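Q: Encoded as structure tokens, here's the structure I'll be asking about.
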Amino acid sequence: MGETLWIIAGIAVLSVGTYLMRFGGTKLGNKLALSERSQAILNDAATTLLFAVALAATFFEGSHFAGSARVLGVAVAVFLAWRKMPLIVVILSAAVVTALLRYFGLH
């Protein structure tokens, strides 16, 4: 139970941090004279943070490797997203691929 609370707290902190980064970008963007490059970096910071969390969740579950099935499921999702498939197709395809791989014994 204690580990679950730490995970929920981590998600909450990341969510609040992401929101504050977005909110700060809109509020401070008009008051600070930043170059276009700096503005682009600030706009991409929240996305980079979420990508890092997603990448860690892809490869690790706790302190152990999450398994090849999850990695291959995410790879399918990335490929389909790159091909600009609808979000529901991406999500369902990744879930089906991961489930089938686990069903056939690849963890």
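Residue numbering restarts at 1 for every chain of the structure tokens, chains are lettered A, B, ... in their displayed order, and ligands are numbered from 1 as they appear.
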As a VMD selection string, please: all residues of range 1-91 of chain A that backbone DSSP puts in alpha helix (DSSP H).

A: chain A and resid 2 to 29 36 to 59 68 to 82 87 to 91

Q: Got a sec: who's within 12 Å of Ala99 in chain A, counting only C-alpha atoms, leaving out chain neighbours fewer than 3 positions off, as a list in words?

A: Ser68, Ala69, Arg70, Val71, Leu72, Gly73, Val74, Leu92, Ser93, Ala94, Ala95, Val96, Arg102, Tyr103, Phe104, Gly105, Leu106 and His107 of chain A

Q: As a ChimeraX atom specification, please: all residues of chain A that backbone DSSP puts in strand (DSSP E or B).

A: /A:60-61,64-65

Q: Print the selection's residues with all heavy atoms to a file, as a PDB file, in the first residue's frame.

A:
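As a result, part16.pdb now contains:
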ATOM      1  N   PHE A  60      10.496   0.052 -17.262  1.00  0.00           N
ATOM      2  CA  PHE A  60      10.623  -0.389 -15.874  1.00  0.00           C
ATOM      3  C   PHE A  60       9.275  -0.443 -15.175  1.00  0.00           C
ATOM      4  O   PHE A  60       8.409   0.394 -15.382  1.00  0.00           O
ATOM      5  CB  PHE A  60      11.554   0.549 -15.098  1.00  0.00           C
ATOM      6  CG  PHE A  60      12.956   0.536 -15.610  1.00  0.00           C
ATOM      7  CD1 PHE A  60      13.416   1.554 -16.418  1.00  0.00           C
ATOM      8  CD2 PHE A  60      13.805  -0.498 -15.294  1.00  0.00           C
ATOM      9  CE1 PHE A  60      14.705   1.550 -16.907  1.00  0.00           C
ATOM     10  CE2 PHE A  60      15.097  -0.525 -15.783  1.00  0.00           C
ATOM     11  CZ  PHE A  60      15.551   0.506 -16.584  1.00  0.00           C
ATOM     12  N   GLU A  61       9.148  -1.461 -14.331  1.00  0.00           N
ATOM     13  CA  GLU A  61       8.013  -1.578 -13.417  1.00  0.00           C
ATOM     14  C   GLU A  61       8.619  -1.708 -12.032  1.00  0.00           C
ATOM     15  O   GLU A  61       9.155  -2.759 -11.678  1.00  0.00           O
ATOM     16  CB  GLU A  61       7.170  -2.803 -13.767  1.00  0.00           C
ATOM     17  CG  GLU A  61       5.903  -2.886 -12.968  1.00  0.00           C
ATOM     18  CD  GLU A  61       4.986  -3.957 -13.519  1.00  0.00           C
ATOM     19  OE1 GLU A  61       4.893  -4.106 -14.741  1.00  0.00           O
ATOM     20  OE2 GLU A  61       4.363  -4.632 -12.686  1.00  0.00           O
ATOM     21  N   HIS A  64      12.419  -3.158 -11.686  1.00  0.00           N
ATOM     22  CA  HIS A  64      12.688  -4.286 -12.558  1.00  0.00           C
ATOM     23  C   HIS A  64      12.267  -3.980 -13.997  1.00  0.00           C
ATOM     24  O   HIS A  64      11.392  -3.147 -14.238  1.00  0.00           O
ATOM     25  CB  HIS A  64      11.945  -5.536 -12.069  1.00  0.00           C
ATOM     26  CG  HIS A  64      12.281  -5.910 -10.655  1.00  0.00           C
ATOM     27  ND1 HIS A  64      13.505  -6.428 -10.305  1.00  0.00           N
ATOM     28  CD2 HIS A  64      11.563  -5.824  -9.511  1.00  0.00           C
ATOM     29  CE1 HIS A  64      13.522  -6.654  -9.000  1.00  0.00           C
ATOM     30  NE2 HIS A  64      12.352  -6.288  -8.494  1.00  0.00           N
ATOM     31  N   PHE A  65      12.869  -4.691 -14.924  1.00  0.00           N
ATOM     32  CA  PHE A  65      12.522  -4.559 -16.334  1.00  0.00           C
ATOM     33  C   PHE A  65      11.065  -4.961 -16.533  1.00  0.00           C
ATOM     34  O   PHE A  65      10.604  -5.974 -16.016  1.00  0.00           O
ATOM     35  CB  PHE A  65      13.445  -5.442 -17.178  1.00  0.00           C
ATOM     36  CG  PHE A  65      13.164  -5.389 -18.643  1.00  0.00           C
ATOM     37  CD1 PHE A  65      13.281  -4.208 -19.348  1.00  0.00           C
ATOM     38  CD2 PHE A  65      12.771  -6.528 -19.321  1.00  0.00           C
ATOM     39  CE1 PHE A  65      13.027  -4.154 -20.705  1.00  0.00           C
ATOM     40  CE2 PHE A  65      12.516  -6.490 -20.679  1.00  0.00           C
ATOM     41  CZ  PHE A  65      12.645  -5.297 -21.373  1.00  0.00           C
TER      42      PHE A  65
END

Q: Name all residues at most 9 Å from range 37-48 of chain A (count only C-alpha atoms; drop same-chain ones fewer than 5 positions away) and give them as a list of chain:residue names.

A: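 That gives A:Gly17, A:Thr18, A:Tyr19, A:Met21, A:Arg22, A:Gly25, A:Gly29, A:Val53.
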
Q: Could you check which of A:Gly62, A:Val97, A:Thr26, A:Leu55 is closest to Ile7 in chain A, using only C-alpha atoms?

A: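 Looking at the shortest contact to Ile7 in chain A, the residue is A:Gly62.
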
Q: Just give me the gap between CA of Leu100 in chain A and CA of Ala75 in chain A in Å, one decimal is fine.

A: 14.5 Å

Q: Using only C-alpha atoms, which of the listed residues (A:Leu14, A:Thr58, A:Ser63, A:Gly2) sits closest to Ala77 in chain A?

A: A:Thr58

Q: Please, what distance in Å, to one decimal, runs between CA of Ala57 in chain A and CA of Gly10 in chain A?

A: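 It comes out at 12.6 Å.
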